[in-house]
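Notes for the one structure printed next.
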Protein chains: 2
Amino acid sequence: MSQPRLDVLAIGNAIVDVIAQADDAFLAEQGLDKGSMTLIDAGQAQRLYQAMAAGREVSGGSAANTAAGVAALGGRAGFIGQVADDQLGEVFSHDIRATGVEFDTPVIDNGVPTARCLVLVTSDAQRTMGTFLGAAQHLPAGALDPKQIEDAAILYLEGYLWDPETPRAAMEQAIGIARAAGRKVAFTLSDSFCISRHREGFLALIDGGYIDILFANEAEIRELAGEEDLDAAIAAVEGKVPVLVVTRSEKGAIGLAGGTRAEVAAEPVEKVVDTTGAGDLFAAGFLTGHAQGRGLEESLRMGAIAAAEVISHYGARPEADLKALVASRLG
Amino acid sequence: MSQPRLDVLAIGNAIVDVIAQADDAFLAEQGLDKGSMTLIDAGQAQRLYQAMAAGREVSGGSAANTAAGVAALGGRAGFIGQVADDQLGEVFSHDIRATGVEFDTPVIDNGVPTARCLVLVTSDAQRTMGTFLGAAQHLPAGALDPKQIEDAAILYLEGYLWDPETPRAAMEQAIGIARAAGRKVAFTLSDSFCISRHREGFLALIDGGYIDILFANEAEIRELAGEEDLDAAIAAVEGKVPVLVVTRSEKGAIGLAGGTRAEVAAEPVEKVVDTTGAGDLFAAGFLTGHAQGRGLEESLRMGAIAAAEVISHYGARPEADLKALVASRLG
């Protein structure tokens with residue numbers, strides 16, 4: 001097994017976020033479940049967009065945010081995801097490359113536009129998302145470069161990408177390539193509704209021993225384990241994965257690895273503006289720490305530091321110098 | 001002369017801003033003059049975009065920002081400007097309508113994309129802009145609805161739109177329609193480089209008595225008058241326009257109208273983040289106050305309040321409830 005060229009190679013939906021403020025009444029009117037991600041089709045996307053306030057467009061996508069975070073933390077990151085040959089595709093490609101992430105997935109030009117996620121941020125900083133998957137759901141297995149996967153210490157996958165079948169197949173192949181090369185596979189459960197749609201597939205991955213590092217928040221681990229009690233849910237899952245990371249928003253995070261348990265508090269934030277990307281950046285911090293050979297607790301702290309930065313402003317990609325931030329707080 | 005249906009109808013470049021952080025060295029490398037607006041072609045835009053950091057896309061355009069500001073202040077606003085039939089055109093159209101501005105200019109589909117302005121914000125909150133005019137420079141006079149112009153108390157024009165010939169002709173026609181209907185014409189000089197390109201045309205408008213309300217910052221009034229001394233520059237221009245507004249950044253603003261002179265301080269701002277749109281929002285506040293029948297000083301204060309809000313965050317459109325802000329500070 002050669003030295004990996006990349007620390008983290010992420011596969012996920014390539015999405016541009018359209019972020020606007022909204023109130024609870026608007027979410028209710030639109031039939032949206034606060035804090036969740038709903039998949040919407042082109043028509044629904046158009047109607048929701050027409051109804052929502054003026055927005056700002058910022059590159060997003062869960063695993064893509066994580067890749068951008070790894071790069072911002074000084075790690076070597078790559079990303080695989082599908083954009084179309086259109087302006088939002090250009091925006092996505094520019095932004096992820098500008099953060100220093102290797103991104104070479106060829107664009108497709110079949111008339112399906114680049115994915116967008118309509119992100120409604122309420123005054124409590126919670127985000128509710130309607131995602132039009134567009135081109136992202138057309139990522140073909142043929143877009144994978146096996147050499148790139150073999151060259152990455154950790155392959156990182158988002159549960160969201162289990163929704164469309166084509167990229168799901170690509171991810172399965174990528175897992176095969178990574179395992180054959182002796183690399184680690186990390187996975188985020190993404191969203192509790194996403195788990196309810198794909199519980200069986202996720203459990204097959206986990207029970208099959210294909211996942212080395214699993215990320216979940218409280219609702220997701222409960223949903224996956226089918227246990228209301230958090231400790232019971234963790235107990236039901238921890239033995240199945242070498243590393244389990246459970247994020248708990250303002251209550252911090254718990255990490256479990258080979259019988260060790262670590263717990264960290266959330267990093268203090270002056271004002272929480274928009275929680276979009278909190279989980280993505282937590283994963284970025286943890287994975288970067290892990291790739292740097294840091295211990296469980298220190299890797300969790302890196303996650304907490306990266307997550308705290310991203311929730312202090314609109315948008316799911318870091319704006320501050322995360323590497324310097326970690327150095328000043330963690331050394 | 002019937003009661004106007006709109007307070008302000010603005011004509012300007014329909015632009016989506018791409019905002020990214022940059023340092024002085026980057027501006028120097030790119031040959032950009034800090035604080036100014038440079039027109040760039042498609043190739044230059046692509047090269048600059050490739051070199052710059054990850055951005056956020058927010059609707060902009062000087063006069064469009066002013067129209068959005070008027071609407072946010074509770075005024076009735078309209079906008080005329082040209083976008084293409086593309087994703088950035090959709091973004092622009094959505095955002096300006098979502099702020100409550102009437103916007104009915106038909107899109108064009110001639111292969112020229114919607115205009116974008118690459119906005120580089122340095123740590124001193126100054127913005128330096130490279131503008132690719134794209135579709136905006138194709139606004140035809142035929143896109144004007146004479147009835148809409150006749151129905152607006154104030155027609156507001158941006159000097160930037162003097163650069164491309166086609167919309168310049170449209171603006172000249174609009175001035176004719178507004179004057180014939182007994183409406184006021186307001187004009188912003190936009191940028192000192194813009195004045196150096198169009199000094200003769202701007203002076204012809206002003207000396208011809210076509211401008212009722214003129215907006216300029218210190219550099220612009222000096223450039224227009226050809227006077228280094230601010231007071232001398234103001235003295236050279238004030239007799240030529242019924243209302244002259246000179247904005248002075250952190251030093252506040254001066255208004256001169258029919259022999260009256262008023263001066264206001266800048267509104268306090270906790271932290272200046274991005275000065276993009278400061279002049280546009282000052283104009284929005286002043287014009288809304290003017291349309292509401294407020295006096296010179298109070299209208300200047302409204303300008304200062306609106307400008308202070310927009311410089312406290314990234315992007316050139318208001319994010320806070322400007323109407324409430326003015327009510328709380330001015331009554």
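By order of appearance in the structure tokens: chains A, B, ..., then residues from 1 within every chain, and ligands from 1 in the order shown.
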Next on the checklist: Quick one: residues within 9 Å of Thr288 in chain B, only C-alpha atoms, excluding same-chain residues fewer than 2 positions away - as a ChimeraX atom specification?
Outcome noted: /B:7-8,69-71,73-76,283-286,290-294,299,302-303
Could you produce a table of the residues of chain A lying within 9 Å of chain B, with the nearest pair of atoms per residue and their separation in Å rounded to one decimal, using only C-alpha atoms, ordered by chain and increasing residue number, as a tab-separated table?
residue	atom	partner	partner_atom	distance
A:Tyr49	CA	B:His94	CA	7.8
A:Gln50	CA	B:His94	CA	6.7
A:Ala51	CA	B:Ala98	CA	7.9
A:Met52	CA	B:Ala98	CA	7.1
A:Ala53	CA	B:Ala98	CA	5.2
A:Ala54	CA	B:Asp95	CA	4.1
A:Gly55	CA	B:Asp95	CA	6.5
A:Arg56	CA	B:Val58	CA	4.9
A:Glu57	CA	B:Glu57	CA	4.8
A:Val58	CA	B:Arg56	CA	4.9
A:Ser59	CA	B:Arg56	CA	7.7
A:Asp86	CA	B:Gln87	CA	7.8
A:Gln87	CA	B:Gln87	CA	6.2
A:Leu88	CA	B:Gln87	CA	7.1
A:Val91	CA	B:Gly55	CA	8.2
A:Phe92	CA	B:Ala54	CA	9.0
A:His94	CA	B:Gln50	CA	6.7
A:Asp95	CA	B:Ala54	CA	4.1
A:Ile96	CA	B:Ala54	CA	7.1
A:Arg97	CA	B:Ala54	CA	8.0
A:Ala98	CA	B:Ala53	CA	5.2
A:Thr99	CA	B:Ala54	CA	6.5
A:Gly315	CA	B:Arg56	CA	8.8
For N, CA and C atoms, I'd like the residues from the last selection saved as a PDB file, in the first residue's frame.
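The new file again23.pdb reads:
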ATOM      1  N   TYR A  49     -38.981  28.398  -5.194  1.00  0.00           N
ATOM      2  CA  TYR A  49     -38.065  29.512  -5.469  1.00  0.00           C
ATOM      3  C   TYR A  49     -38.850  30.796  -5.686  1.00  0.00           C
ATOM      4  N   GLN A  50     -39.933  30.696  -6.473  1.00  0.00           N
ATOM      5  CA  GLN A  50     -40.746  31.878  -6.732  1.00  0.00           C
ATOM      6  C   GLN A  50     -41.318  32.461  -5.453  1.00  0.00           C
ATOM      7  N   ALA A  51     -41.645  31.591  -4.507  1.00  0.00           N
ATOM      8  CA  ALA A  51     -42.295  32.063  -3.280  1.00  0.00           C
ATOM      9  C   ALA A  51     -41.290  32.615  -2.273  1.00  0.00           C
ATOM     10  N   MET A  52     -40.033  32.166  -2.345  1.00  0.00           N
ATOM     11  CA  MET A  52     -39.077  32.545  -1.301  1.00  0.00           C
ATOM     12  C   MET A  52     -38.442  33.912  -1.536  1.00  0.00           C
ATOM     13  N   ALA A  53     -37.792  34.406  -0.508  1.00  0.00           N
ATOM     14  CA  ALA A  53     -37.187  35.737  -0.555  1.00  0.00           C
ATOM     15  C   ALA A  53     -35.936  35.743  -1.436  1.00  0.00           C
ATOM     16  N   ALA A  54     -35.409  36.926  -1.687  1.00  0.00           N
ATOM     17  CA  ALA A  54     -34.162  37.072  -2.442  1.00  0.00           C
ATOM     18  C   ALA A  54     -33.077  36.263  -1.753  1.00  0.00           C
ATOM     19  N   GLY A  55     -32.224  35.605  -2.545  1.00  0.00           N
ATOM     20  CA  GLY A  55     -31.261  34.688  -1.956  1.00  0.00           C
ATOM     21  C   GLY A  55     -29.825  35.049  -2.260  1.00  0.00           C
ATOM     22  N   ARG A  56     -28.958  34.266  -1.653  1.00  0.00           N
ATOM     23  CA  ARG A  56     -27.549  34.336  -2.068  1.00  0.00           C
ATOM     24  C   ARG A  56     -27.172  32.924  -2.490  1.00  0.00           C
ATOM     25  N   GLU A  57     -26.425  32.819  -3.572  1.00  0.00           N
ATOM     26  CA  GLU A  57     -26.024  31.518  -4.080  1.00  0.00           C
ATOM     27  C   GLU A  57     -24.611  31.220  -3.587  1.00  0.00           C
ATOM     28  N   VAL A  58     -24.451  30.091  -2.942  1.00  0.00           N
ATOM     29  CA  VAL A  58     -23.148  29.686  -2.425  1.00  0.00           C
ATOM     30  C   VAL A  58     -23.003  28.194  -2.708  1.00  0.00           C
ATOM     31  N   SER A  59     -21.826  27.787  -3.141  1.00  0.00           N
ATOM     32  CA  SER A  59     -21.634  26.371  -3.412  1.00  0.00           C
ATOM     33  C   SER A  59     -21.875  25.552  -2.156  1.00  0.00           C
ATOM     34  N   ASP A  86     -23.571  24.345 -17.247  1.00  0.00           N
ATOM     35  CA  ASP A  86     -24.356  25.580 -17.126  1.00  0.00           C
ATOM     36  C   ASP A  86     -23.708  26.514 -16.099  1.00  0.00           C
ATOM     37  N   GLN A  87     -24.329  27.659 -15.862  1.00  0.00           N
ATOM     38  CA  GLN A  87     -23.690  28.673 -15.013  1.00  0.00           C
ATOM     39  C   GLN A  87     -23.528  28.212 -13.570  1.00  0.00           C
ATOM     40  N   LEU A  88     -24.544  27.509 -13.031  1.00  0.00           N
ATOM     41  CA  LEU A  88     -24.399  27.036 -11.658  1.00  0.00           C
ATOM     42  C   LEU A  88     -23.333  25.946 -11.575  1.00  0.00           C
ATOM     43  N   VAL A  91     -20.168  27.785 -11.327  1.00  0.00           N
ATOM     44  CA  VAL A  91     -20.019  28.323  -9.965  1.00  0.00           C
ATOM     45  C   VAL A  91     -19.511  27.233  -9.033  1.00  0.00           C
ATOM     46  N   PHE A  92     -20.164  26.071  -9.078  1.00  0.00           N
ATOM     47  CA  PHE A  92     -19.753  24.969  -8.209  1.00  0.00           C
ATOM     48  C   PHE A  92     -18.299  24.584  -8.463  1.00  0.00           C
ATOM     49  N   HIS A  94     -15.857  26.250  -9.955  1.00  0.00           N
ATOM     50  CA  HIS A  94     -14.915  27.299  -9.565  1.00  0.00           C
ATOM     51  C   HIS A  94     -14.666  27.276  -8.063  1.00  0.00           C
ATOM     52  N   ASP A  95     -15.761  27.249  -7.311  1.00  0.00           N
ATOM     53  CA  ASP A  95     -15.641  27.419  -5.865  1.00  0.00           C
ATOM     54  C   ASP A  95     -14.881  26.272  -5.215  1.00  0.00           C
ATOM     55  N   ILE A  96     -15.182  25.045  -5.650  1.00  0.00           N
ATOM     56  CA  ILE A  96     -14.522  23.919  -4.983  1.00  0.00           C
ATOM     57  C   ILE A  96     -13.038  23.884  -5.355  1.00  0.00           C
ATOM     58  N   ARG A  97     -12.722  24.228  -6.600  1.00  0.00           N
ATOM     59  CA  ARG A  97     -11.309  24.276  -6.991  1.00  0.00           C
ATOM     60  C   ARG A  97     -10.603  25.429  -6.284  1.00  0.00           C
ATOM     61  N   ALA A  98     -11.298  26.540  -6.137  1.00  0.00           N
ATOM     62  CA  ALA A  98     -10.676  27.709  -5.501  1.00  0.00           C
ATOM     63  C   ALA A  98     -10.316  27.428  -4.040  1.00  0.00           C
ATOM     64  N   THR A  99     -11.001  26.463  -3.424  1.00  0.00           N
ATOM     65  CA  THR A  99     -10.653  26.128  -2.042  1.00  0.00           C
ATOM     66  C   THR A  99      -9.490  25.137  -2.003  1.00  0.00           C
ATOM     67  N   GLY A 315     -24.107  30.171   4.782  1.00  0.00           N
ATOM     68  CA  GLY A 315     -23.361  29.344   3.847  1.00  0.00           C
ATOM     69  C   GLY A 315     -22.655  28.211   4.561  1.00  0.00           C
TER      70      GLY A 315
END
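Each of A:Val112, A:Ala181, A:Ala141, A:Val121 was compared to Thr275 in chain A using only C-alpha atoms, and A:Val121 turns out to be the nearest.
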Checklist entry - Between A:Asp145, A:Glu172, A:Asp124, A:Glu267, which one has atoms that come closest to Leu205 in chain A, using only C-alpha atoms? => result A:Glu172
Checklist outcome for this item: Correct to one decimal, the distance CA of Ala253 in chain B-CA of Phe215 in chain B is 10.5 Å
Item to check | Backbone DSSP call of strand (DSSP E or B) for range 115-319 of chain B, listed as a PyMOL selection string | outcome: chain B and resi 115-121+127-132+152-158+184-188+213-217+243-247+253-257+260-264
